[in-house]
>>> print(open('start_27.cif').read())   # mmCIF, C-alpha atoms and all ligand atoms
data_start
#
loop_
_atom_site.label_atom_id
_atom_site.label_comp_id
_atom_site.auth_asym_id
_atom_site.auth_seq_id
_atom_site.Cartn_x
_atom_site.Cartn_y
_atom_site.Cartn_z
CA MET A 1 67.12 97.82 81.07
CA LEU A 2 68.10 95.16 83.59
CA ASP A 3 66.76 92.28 81.50
CA ARG A 4 69.15 93.11 78.73
CA SER A 5 69.40 90.35 76.20
CA SER A 6 72.72 88.61 75.92
CA PRO A 7 74.16 86.59 73.06
CA ASN A 8 74.56 83.82 75.63
CA GLY A 9 70.88 83.62 76.53
CA PRO A 10 68.76 85.04 79.32
CA PRO A 11 70.46 86.10 82.55
CA LEU A 12 71.22 83.50 85.19
CA ILE A 13 70.45 85.99 87.90
CA THR A 14 68.97 89.48 88.00
CA LEU A 15 68.86 91.89 90.93
CA LYS A 16 66.32 94.70 90.70
CA GLY A 17 66.20 97.63 93.08
CA VAL A 18 67.76 95.54 95.84
CA GLY A 19 68.15 97.14 99.25
CA VAL A 20 69.34 95.52 102.48
CA ARG A 21 68.63 97.29 105.75
CA ARG A 22 69.96 96.47 109.21
CA GLY A 23 68.57 98.52 112.08
CA ASP A 24 68.15 102.06 110.84
CA ARG A 25 70.84 101.78 108.18
CA TRP A 26 70.70 100.75 104.55
CA LEU A 27 73.78 98.63 103.83
CA VAL A 28 73.01 98.80 100.11
CA ARG A 29 70.14 100.35 98.24
CA ASP A 30 68.80 100.36 94.70
CA VAL A 31 71.29 97.78 93.44
CA GLY A 32 70.43 96.26 90.09
CA PHE A 33 72.41 94.16 87.63
CA SER A 34 72.35 90.77 86.00
CA VAL A 35 74.83 88.01 85.19
CA SER A 36 74.43 86.01 81.98
CA PRO A 37 76.03 82.69 81.04
CA ARG A 38 79.71 83.15 80.12
CA GLU A 39 79.71 86.68 81.54
CA ILE A 40 82.18 87.80 84.21
CA VAL A 41 80.67 90.59 86.29
CA THR A 42 82.87 92.17 88.92
CA LEU A 43 81.73 94.20 91.91
CA ILE A 44 84.34 96.71 92.96
CA GLY A 45 84.14 99.35 95.65
CA PRO A 46 85.83 100.55 98.83
CA ASN A 47 85.69 98.63 102.13
CA GLY A 48 82.19 98.58 103.53
CA SER A 49 80.60 99.60 100.23
CA GLY A 50 78.26 96.59 100.25
CA LYS A 51 79.97 94.14 97.91
CA SER A 52 79.64 91.08 100.16
CA THR A 53 76.12 92.08 101.16
CA THR A 54 75.21 92.25 97.48
CA ALA A 55 76.86 88.90 96.70
CA LYS A 56 75.09 87.23 99.64
CA THR A 57 71.78 88.67 98.48
CA ALA A 58 72.46 87.42 94.96
CA THR A 59 73.12 83.88 96.20
CA GLY A 60 70.11 83.89 98.55
CA VAL A 61 72.15 83.84 101.77
CA LEU A 62 70.53 87.20 102.63
CA LYS A 63 67.00 88.29 101.81
CA PRO A 64 66.60 91.77 100.37
CA THR A 65 64.62 94.22 102.46
CA GLU A 66 63.33 95.77 99.27
CA GLY A 67 63.57 94.91 95.60
CA TRP A 68 63.95 91.35 94.37
CA VAL A 69 66.32 88.79 92.99
CA GLU A 70 65.35 86.58 90.05
CA ARG A 71 67.27 83.35 89.57
CA ARG A 72 66.89 81.11 86.57
CA PRO A 73 64.83 78.08 87.63
CA GLY A 74 67.05 75.24 88.81
CA LEU A 75 70.09 77.52 88.92
CA ARG A 76 73.13 75.86 90.53
CA ILE A 77 75.34 78.32 92.37
CA GLY A 78 78.92 77.69 93.48
CA TYR A 79 79.89 80.17 96.20
CA VAL A 80 83.29 80.94 97.68
CA PRO A 81 82.62 83.21 100.66
CA GLN A 82 85.04 85.87 101.84
CA LYS A 83 85.45 84.11 105.18
CA LEU A 84 85.29 80.38 105.70
CA GLN A 85 84.55 79.00 109.16
CA VAL A 86 87.08 76.21 109.52
CA ASP A 87 88.29 74.73 112.79
CA TRP A 88 92.00 74.74 112.01
CA THR A 89 92.78 72.57 115.04
CA LEU A 90 91.10 69.60 113.34
CA PRO A 91 92.94 67.73 110.59
CA LEU A 92 91.26 68.39 107.26
CA THR A 93 92.50 67.17 103.91
CA VAL A 94 91.70 68.86 100.61
CA ARG A 95 89.64 65.78 99.68
CA ARG A 96 87.57 66.14 102.88
CA LEU A 97 87.16 69.89 102.31
CA MET A 98 85.62 69.08 98.93
CA THR A 99 82.96 66.83 100.46
CA LEU A 100 82.22 68.71 103.71
CA THR A 101 78.81 69.88 102.57
CA GLY A 102 77.76 66.71 100.77
CA PRO A 103 78.92 63.67 98.85
CA LEU A 104 80.64 64.06 95.53
CA ALA A 105 81.33 61.49 92.81
CA GLU A 106 85.03 60.60 92.74
CA SER A 107 85.23 61.54 89.04
CA ASP A 108 83.77 65.00 89.75
CA LEU A 109 86.10 65.50 92.70
CA VAL A 110 89.18 64.59 90.65
CA ALA A 111 88.02 66.68 87.67
CA ALA A 112 87.51 69.75 89.88
CA LEU A 113 90.93 69.38 91.52
CA GLU A 114 92.50 68.94 88.09
CA ALA A 115 90.71 72.01 86.73
CA ALA A 116 92.01 74.01 89.70
CA GLY A 117 95.55 72.72 89.14
CA ILE A 118 95.84 70.92 92.51
CA ALA A 119 95.05 67.28 91.65
CA HIS A 120 98.30 66.25 93.33
CA MET A 121 97.18 67.81 96.62
CA ALA A 122 94.03 65.79 97.33
CA GLY A 123 95.63 64.23 100.40
CA ALA A 124 97.33 67.38 101.69
CA GLU A 125 96.28 68.96 104.98
CA VAL A 126 94.42 72.18 104.29
CA GLN A 127 96.26 74.10 107.02
CA HIS A 128 99.56 73.41 105.26
CA LEU A 129 98.50 74.87 101.92
CA SER A 130 99.88 78.17 100.69
CA GLY A 131 97.46 81.07 100.22
CA GLY A 132 97.20 80.40 96.49
CA GLU A 133 96.75 76.65 96.95
CA PHE A 134 94.04 77.22 99.53
CA GLN A 135 92.13 79.57 97.21
CA ARG A 136 92.44 76.94 94.44
CA ALA A 137 91.03 74.31 96.83
CA LEU A 138 88.06 76.61 97.56
CA LEU A 139 87.59 77.19 93.85
CA ALA A 140 87.73 73.42 93.18
CA ARG A 141 85.10 72.92 95.86
CA ALA A 142 82.87 75.53 94.26
CA ILE A 143 83.15 74.14 90.71
CA ALA A 144 82.91 70.44 91.66
CA ARG A 145 79.12 70.46 91.48
CA LYS A 146 79.18 72.09 88.06
CA PRO A 147 77.50 75.38 88.91
CA ASP A 148 75.79 77.58 86.34
CA LEU A 149 76.87 80.61 88.35
CA LEU A 150 80.09 80.96 90.31
CA VAL A 151 80.13 83.64 93.01
CA LEU A 152 83.61 84.45 94.28
CA ASP A 153 84.02 86.90 97.16
CA GLU A 154 87.64 88.11 97.10
CA PRO A 155 89.11 84.94 95.58
CA VAL A 156 92.73 86.08 95.78
CA GLN A 157 93.07 86.79 99.50
CA GLY A 158 96.49 85.91 100.86
CA VAL A 159 97.90 85.36 97.39
CA ASP A 160 100.91 87.18 95.99
CA PHE A 161 100.65 89.26 92.84
CA ASN A 162 101.71 86.62 90.31
CA GLY A 163 99.52 84.08 92.10
CA GLU A 164 96.60 86.53 91.87
CA ILE A 165 96.95 86.81 88.14
CA ALA A 166 97.26 83.04 87.77
CA LEU A 167 94.05 82.66 89.79
CA TYR A 168 92.17 85.19 87.68
CA GLU A 169 93.39 83.42 84.56
CA LEU A 170 92.12 80.16 86.03
CA ILE A 171 88.74 81.75 86.73
CA ARG A 172 88.51 82.94 83.15
CA LYS A 173 89.52 79.46 81.91
CA ILE A 174 86.76 77.89 84.02
CA ARG A 175 84.31 80.32 82.44
CA ASP A 176 85.59 79.51 78.94
CA GLU A 177 85.46 75.75 79.45
CA THR A 178 82.23 75.37 81.43
CA GLY A 179 80.25 78.36 80.12
CA CYS A 180 79.22 79.38 83.65
CA GLY A 181 78.56 82.98 84.59
CA ILE A 182 80.79 84.51 87.23
CA LEU A 183 80.07 87.15 89.85
CA LEU A 184 83.36 88.31 91.27
CA ILE A 185 84.17 90.63 94.13
CA SER A 186 87.58 92.18 94.06
CA HIS A 187 89.79 95.02 95.16
CA ASP A 188 92.37 94.22 92.51
CA LEU A 189 91.64 96.95 90.05
CA HIS A 190 94.39 96.13 87.61
CA VAL A 191 93.52 92.49 87.24
CA VAL A 192 89.79 93.04 87.44
CA MET A 193 89.91 95.48 84.61
CA ALA A 194 91.58 92.91 82.40
CA GLU A 195 89.53 89.85 83.27
CA THR A 196 86.02 91.28 83.43
CA ASP A 197 83.23 91.77 80.94
CA THR A 198 81.17 94.08 83.13
CA VAL A 199 82.25 96.17 86.12
CA ILE A 200 79.75 97.33 88.74
CA CYS A 201 81.21 100.05 90.93
CA LEU A 202 79.46 100.03 94.32
CA ASN A 203 79.39 102.47 97.17
CA GLY A 204 76.18 101.60 99.00
CA HIS A 205 74.53 101.93 95.60
CA VAL A 206 75.67 101.44 92.01
CA CYS A 207 77.93 104.41 91.23
CA CYS A 208 78.72 103.40 87.69
CA ARG A 209 78.76 100.31 85.54
CA GLY A 210 79.81 99.10 82.14
CA THR A 211 82.77 97.61 80.36
CA PRO A 212 86.13 98.09 82.07
CA ALA A 213 87.01 100.68 79.41
CA ALA A 214 83.84 102.68 80.06
CA VAL A 215 84.01 102.46 83.86
CA SER A 216 87.65 103.44 84.02
CA LYS A 217 86.76 106.70 82.28
CA SER A 218 83.81 107.56 84.53
CA PRO A 219 84.26 110.38 87.06
CA GLU A 220 82.52 108.31 89.78
CA TYR A 221 85.14 105.58 89.42
CA SER A 222 87.98 108.10 89.57
CA ARG A 223 86.48 109.70 92.67
CA LEU A 224 86.14 106.33 94.43
CA PHE A 225 89.56 104.97 93.58
CA GLY A 226 91.56 108.16 93.10
CA GLY A 227 95.13 107.65 91.94
CA ARG A 228 94.82 103.89 91.92
CA ALA A 229 92.34 104.16 89.08
CA ALA A 230 94.79 105.87 86.77
CA GLY A 231 96.31 103.47 84.33
CA ALA A 232 94.45 100.44 85.69
CA LEU A 233 93.31 99.53 82.25
CA ALA A 234 96.38 100.60 80.35
CA PHE A 235 98.49 98.40 82.61
CA TYR A 236 96.98 95.27 81.25
CA ASN A 237 96.38 96.42 77.74
CA HIS A 238 100.11 96.70 77.48
CA GLN A 239 101.21 93.71 79.50
CA HIS A 240 98.88 90.85 78.75
CA ASP A 241 101.46 89.09 76.64
CA HIS A 242 102.39 86.26 78.99
CA THR A 243 100.89 83.36 80.94
CA HIS A 244 100.99 82.88 84.70
CA LEU A 245 101.76 79.27 85.56
CA PRO A 246 100.04 77.53 88.49
CA ASP A 247 103.25 77.70 90.55
CA GLY A 248 103.30 81.49 90.21
CA ARG A 249 106.13 81.65 87.65
CA VAL A 250 105.65 83.43 84.37
CA LEU A 251 105.84 81.97 80.86
CA HIS A 252 106.70 84.80 78.48
CA ALA A 253 105.77 85.08 74.82
CA ASP A 254 109.44 84.43 73.97
CA GLY A 255 109.27 81.03 75.71
CA GLN A 256 111.35 82.08 78.75
CA ILE A 257 110.07 81.28 82.27
CA THR A 258 110.88 83.69 85.09
CA ASP A 259 109.91 84.08 88.74
CA ARG A 260 108.70 87.64 88.32
CA CYS A 261 107.38 89.77 85.54
CA TYR A 262 107.63 93.51 85.06
CA PRO A 263 107.70 95.87 82.12
CA GLY A 264 111.48 96.29 82.05
CA ASP A 265 112.44 92.61 82.28
CA GLY A 266 113.32 92.32 78.60
CA HIS A 267 110.42 90.02 77.74
CA HIS A 268 107.95 92.72 76.67
CA PRO A 269 109.38 94.30 73.53
CA GLY A 270 105.99 95.82 72.72
CA HIS A 271 105.85 97.88 75.90
CA VAL A 272 106.52 101.52 75.16
CA HIS A 273 106.93 103.74 78.20
CA ASP A 274 105.18 107.02 78.08
CA ASP A 275 103.11 109.17 80.40
CA ASP A 276 100.02 107.04 79.91
CA CYS A 277 101.44 103.54 79.63
CA GLY A 278 100.17 102.77 83.12
CA CYS A 279 102.72 100.05 83.85
CA GLY A 280 103.43 101.40 87.31
CA GLU A 281 107.21 101.60 86.88
CA PRO A 282 108.09 105.18 87.77
CA ARG A 283 111.85 104.75 87.34
CA LEU A 284 111.40 103.58 83.78
CA HIS A 285 109.21 106.58 83.16
CA LEU A 286 111.89 108.88 84.52
CA MET A 287 114.41 107.22 82.21
CA TYR A 288 112.03 107.65 79.36
CA LYS A 289 111.89 111.32 80.18
CA GLY A 290 115.65 111.52 80.48
CA ARG A 291 115.54 112.53 84.15
CA LEU A 292 117.20 109.39 85.50
CA GLN A 293 120.32 107.71 84.27
CA PRO A 294 120.08 104.06 83.16
CA GLU A 295 122.61 102.86 85.77
CA VAL A 296 119.70 102.76 88.24
CA PRO A 297 118.62 99.16 87.79
CA ALA A 298 115.35 99.05 85.92
CA THR A 299 114.75 95.54 87.18
CA GLY A 300 115.31 96.04 90.90
CA GLU A 301 113.12 95.86 93.96
CA GLY A 302 109.79 97.56 93.63
CA ALA A 303 109.55 97.10 89.91
CA ALA A 304 105.94 96.75 89.05
CA ASP A 305 104.67 93.31 88.20
CA ALA A 306 103.00 92.94 84.89
N1 LIG B 401 74.62 92.03 109.70
C1 LIG B 401 75.02 93.31 109.64
N2 LIG B 401 74.50 94.22 110.49
C2 LIG B 401 74.86 95.51 110.45
N3 LIG B 401 75.76 96.01 109.57
C3 LIG B 401 76.32 95.14 108.71
C4 LIG B 401 75.98 93.75 108.69
N4 LIG B 401 76.69 93.16 107.72
C5 LIG B 401 77.44 94.12 107.16
N5 LIG B 401 77.23 95.31 107.73
C6 LIG B 401 77.81 96.60 107.36
O1 LIG B 401 77.39 96.85 106.04
C7 LIG B 401 78.40 97.53 105.31
C8 LIG B 401 78.70 96.76 104.04
O2 LIG B 401 79.35 95.55 104.38
P1 LIG B 401 79.93 94.56 103.28
O3 LIG B 401 80.61 93.45 104.00
O4 LIG B 401 78.84 94.22 102.34
O5 LIG B 401 80.96 95.51 102.54
P2 LIG B 401 82.14 95.12 101.53
O6 LIG B 401 82.08 96.12 100.42
O7 LIG B 401 82.04 93.70 101.15
O8 LIG B 401 83.38 95.40 102.44
P3 LIG B 401 84.90 94.82 102.39
O9 LIG B 401 85.52 95.30 101.13
O10 LIG B 401 85.51 95.45 103.59
O11 LIG B 401 84.81 93.32 102.49
C9 LIG B 401 79.60 97.63 106.25
O12 LIG B 401 79.59 98.94 106.80
C10 LIG B 401 79.32 96.59 107.31
O13 LIG B 401 79.87 96.96 108.55
#
>>> encode(input="start_27.cif", output="C-alpha cells", more="lines below")
Ligand SMILES: Nc1ncnc2c1ncn2[C@@H]1O[C@H](COP(=O)(O)OP(=O)(O)OP(=O)(O)O)[C@@H](O)[C@H]1O
Amino acid sequence: MLDRSSPNGPPLITLKGVGVRRGDRWLVRDVGFSVSPREIVTLIGPNGSGKSTTAKTATGVLKPTEGWVERRPGLRIGYVPQKLQVDWTLPLTVRRLMTLTGPLAESDLVAALEAAGIAHMAGAEVQHLSGGEFQRALLARAIARKPDLLVLDEPVQGVDFNGEIALYELIRKIRDETGCGILLISHDLHVVMAETDTVICLNGHVCCRGTPAAVSKSPEYSRLFGGRAAGALAFYNHQHDHTHLPDGRVLHADGQITDRCYPGDGHHPGHVHDDDCGCGEPRLHLMYKGRLQPEVPATGEGAADA
C-alpha cells in the first residue's frame, strides 16, 4: 500500500520498512510512508520518537539498517535541519548564508529571498535576525535550488505563535506555487493539523497515519498527545478566517490588522463557543456556560491565539 497512486503523480520518495539501529537499540523500526508532489506530510511524535532520524534517512543523510528508501531519479531535495552548525563569532550575511554550500545565480537568490518575504534583508547579519527571520532565511536557502522535495525539521523553532502560523502559511504557499512535496517535522499540533495533507504519528514506529481528521480521532494519537490532542483540529476549523502577515501581525477577514488574534477579539463572528469548539479560551467557555461574568476581560493575557 506504500506505492499508493496520487493525483499528482508517483511519489517523490518512499520509505519501506525502514529501521535505524545504533548499538543494541533501534531508534526507529518498520517506518514506511511516501511523499508525492504537492503533498505535505508531517511527522509528529514526542521527543526522541525518531522524527529527525526518519527525516535524515529520507534525505539520505543516514543509511537505514534495514528496509529501503526509494527516491525518484534526479530528485532535488532542499533540507532545513533541526540544528545548523554556524560559527556565530564570524560575520555572516543572509546573502552569504544562501551560497555557503555552493554558488547560486543572482536571480535565483533574489527570487528565493522574495518568496520567503526577506528580500530586504539580503545584506543583514544572520546573528541579528529574529527567530522568524532566521527560519525564513533557512527556508529561502532550501528553496533557492528549486527542490522537488522540501524537508523541514522543526521549521518554527524560536518563533512566536503568530510567526509560526505565518511560517506554515508560507510553507503551504511555496508548495502551491512550486508544486514541490514537503516532509515536515513538527510539535505544533494545532498548526500541523491545519496545514497538512497526511500526518504520520511516530513513536519509534508508525503509530497511526492518515488525514489530520482521521489521525486526530485515533486512540494512538490521543494516547501519545493526551489533552493537547483534544480540539487540535477544531481549533483551526473554526479560526482559519484570517491571514498572518510576514511581520507577525494579523489581517482579519473584516480588513482590520491587529498584533494578536484570538477567538474573542471581535474579528471572528463565525466562532461559536461550545464544549467542542477547541479554541483554547477557557474563560470564554465559562462565560458561554454562564459560570463567569463578562466583566472578566475576554481579551486579556493568556487568551488563546487563533
Ligand atoms: N547517533 C545516535 N546514536 C544513538 N542514539 C541516537 C543517535 N541519534 C539519535 N539517537 C536517539 O534516537 C532517538 C530518536 O532521536 P530523534 O532525534 O530521531 O528523535 P526526535 O523525535 O526527532 O526527537 P526531538 O523531538 O526531541 O527532536 C533518541 O532517543 C535519540 O537520543
>>> closest_residue(input="start_27.cif", among="A:Leu27, A:Ala105, A:Ala111, A:Ile13", to="ligand LIG 401 (chain B)", atoms="all atoms listed in the file")
A:Leu27
>>> closest_residue(input="start_27.cif", among="A:Arg209, A:Arg175, A:Lys51, A:Lys63", to="Glu195 of chain A", atoms="all atoms listed in the file")
A:Arg175
>>> axis_aligned_box(input="start_27.cif", around="ligand LIG 401 (chain B)", padding_each_side="5 Å", output="AutoDock Vina command-line options")
--center_x 80.0 --center_y 95.5 --center_z 105.5 --size_x 21.0 --size_y 16.9 --size_z 20.1
>>> residues_near_ligand(input="start_27.cif", ligand="ligand LIG 401 (chain B)", cutoff="9 Å", atoms="only C-alpha atoms and all ligand atoms", output="PyMOL selection string")
chain A and resi 20-23+25-28+43-56+82+153-154+185-187+202-204
>>> closest_residue(input="start_27.cif", among="A:Gly117, A:Pro64, A:Gly102, A:Pro37", to="Pro10 of chain A", atoms="only C-alpha atoms")
A:Pro37
>>> build_atoms(input="start_27.cif", residues="segment 87-120 of chain A", atoms="N, CA and C atoms", output="tab-separated table (two decimals), in the coordinates of the input")
chain	number	residue	atom	x	y	z
A	87	ASP	N	87.58	74.98	111.54
A	87	ASP	CA	88.29	74.73	112.79
A	87	ASP	C	89.68	74.20	112.42
A	88	TRP	N	90.67	75.10	112.47
A	88	TRP	CA	92.00	74.74	112.01
A	88	TRP	C	92.71	73.79	112.95
A	89	THR	N	92.13	73.52	114.13
A	89	THR	CA	92.78	72.57	115.04
A	89	THR	C	92.48	71.13	114.62
A	90	LEU	N	91.44	70.95	113.80
A	90	LEU	CA	91.10	69.60	113.34
A	90	LEU	C	91.81	69.30	112.03
A	91	PRO	N	92.32	68.07	111.87
A	91	PRO	CA	92.94	67.73	110.59
A	91	PRO	C	91.88	67.72	109.49
A	92	LEU	N	92.22	68.31	108.37
A	92	LEU	CA	91.26	68.39	107.26
A	92	LEU	C	92.04	68.31	105.96
A	93	THR	N	91.80	67.28	105.20
A	93	THR	CA	92.50	67.17	103.91
A	93	THR	C	91.70	67.93	102.85
A	94	VAL	N	92.38	68.19	101.73
A	94	VAL	CA	91.70	68.86	100.61
A	94	VAL	C	90.51	68.01	100.16
A	95	ARG	N	90.72	66.70	100.10
A	95	ARG	CA	89.64	65.78	99.68
A	95	ARG	C	88.42	65.93	100.59
A	96	ARG	N	88.67	66.02	101.91
A	96	ARG	CA	87.57	66.14	102.88
A	96	ARG	C	86.89	67.52	102.75
A	97	LEU	N	87.71	68.54	102.50
A	97	LEU	CA	87.16	69.89	102.31
A	97	LEU	C	86.14	69.89	101.15
A	98	MET	N	86.48	69.12	100.12
A	98	MET	CA	85.62	69.08	98.93
A	98	MET	C	84.26	68.46	99.23
A	99	THR	N	84.21	67.56	100.23
A	99	THR	CA	82.96	66.83	100.46
A	99	THR	C	82.30	67.21	101.79
A	100	LEU	N	82.75	68.32	102.40
A	100	LEU	CA	82.22	68.71	103.71
A	100	LEU	C	80.71	68.91	103.68
A	101	THR	N	80.23	69.53	102.59
A	101	THR	CA	78.81	69.88	102.57
A	101	THR	C	77.95	68.85	101.84
A	102	GLY	N	78.57	67.73	101.44
A	102	GLY	CA	77.76	66.71	100.77
A	102	GLY	C	78.63	65.80	99.95
A	103	PRO	N	78.11	64.62	99.62
A	103	PRO	CA	78.92	63.67	98.85
A	103	PRO	C	79.18	64.16	97.45
A	104	LEU	N	80.23	63.63	96.86
A	104	LEU	CA	80.64	64.06	95.53
A	104	LEU	C	81.19	62.83	94.81
A	105	ALA	N	80.78	62.63	93.57
A	105	ALA	CA	81.33	61.49	92.81
A	105	ALA	C	82.83	61.67	92.68
A	106	GLU	N	83.57	60.55	92.81
A	106	GLU	CA	85.03	60.60	92.74
A	106	GLU	C	85.49	61.29	91.45
A	107	SER	N	84.81	60.97	90.34
A	107	SER	CA	85.23	61.54	89.04
A	107	SER	C	85.06	63.06	89.05
A	108	ASP	N	83.99	63.55	89.68
A	108	ASP	CA	83.77	65.00	89.75
A	108	ASP	C	84.80	65.67	90.66
A	109	LEU	N	85.11	64.97	91.76
A	109	LEU	CA	86.10	65.50	92.70
A	109	LEU	C	87.46	65.64	92.01
A	110	VAL	N	87.87	64.58	91.32
A	110	VAL	CA	89.18	64.59	90.65
A	110	VAL	C	89.18	65.64	89.54
A	111	ALA	N	88.08	65.71	88.78
A	111	ALA	CA	88.02	66.68	87.67
A	111	ALA	C	88.12	68.10	88.19
A	112	ALA	N	87.47	68.39	89.32
A	112	ALA	CA	87.51	69.75	89.88
A	112	ALA	C	88.91	70.09	90.38
A	113	LEU	N	89.57	69.13	91.03
A	113	LEU	CA	90.93	69.38	91.52
A	113	LEU	C	91.88	69.58	90.33
A	114	GLU	N	91.66	68.79	89.29
A	114	GLU	CA	92.50	68.94	88.09
A	114	GLU	C	92.28	70.30	87.45
A	115	ALA	N	91.02	70.71	87.34
A	115	ALA	CA	90.71	72.01	86.73
A	115	ALA	C	91.35	73.14	87.53
A	116	ALA	N	91.43	72.97	88.85
A	116	ALA	CA	92.01	74.01	89.70
A	116	ALA	C	93.53	73.89	89.80
A	117	GLY	N	94.10	72.87	89.16
A	117	GLY	CA	95.55	72.72	89.14
A	117	GLY	C	96.14	72.16	90.42
A	118	ILE	N	95.32	71.45	91.24
A	118	ILE	CA	95.84	70.92	92.51
A	118	ILE	C	95.48	69.43	92.68
A	119	ALA	N	95.41	68.70	91.57
A	119	ALA	CA	95.05	67.28	91.65
A	119	ALA	C	96.03	66.52	92.53
A	120	HIS	N	97.28	66.95	92.54
A	120	HIS	CA	98.30	66.25	93.33
A	120	HIS	C	98.18	66.53	94.82
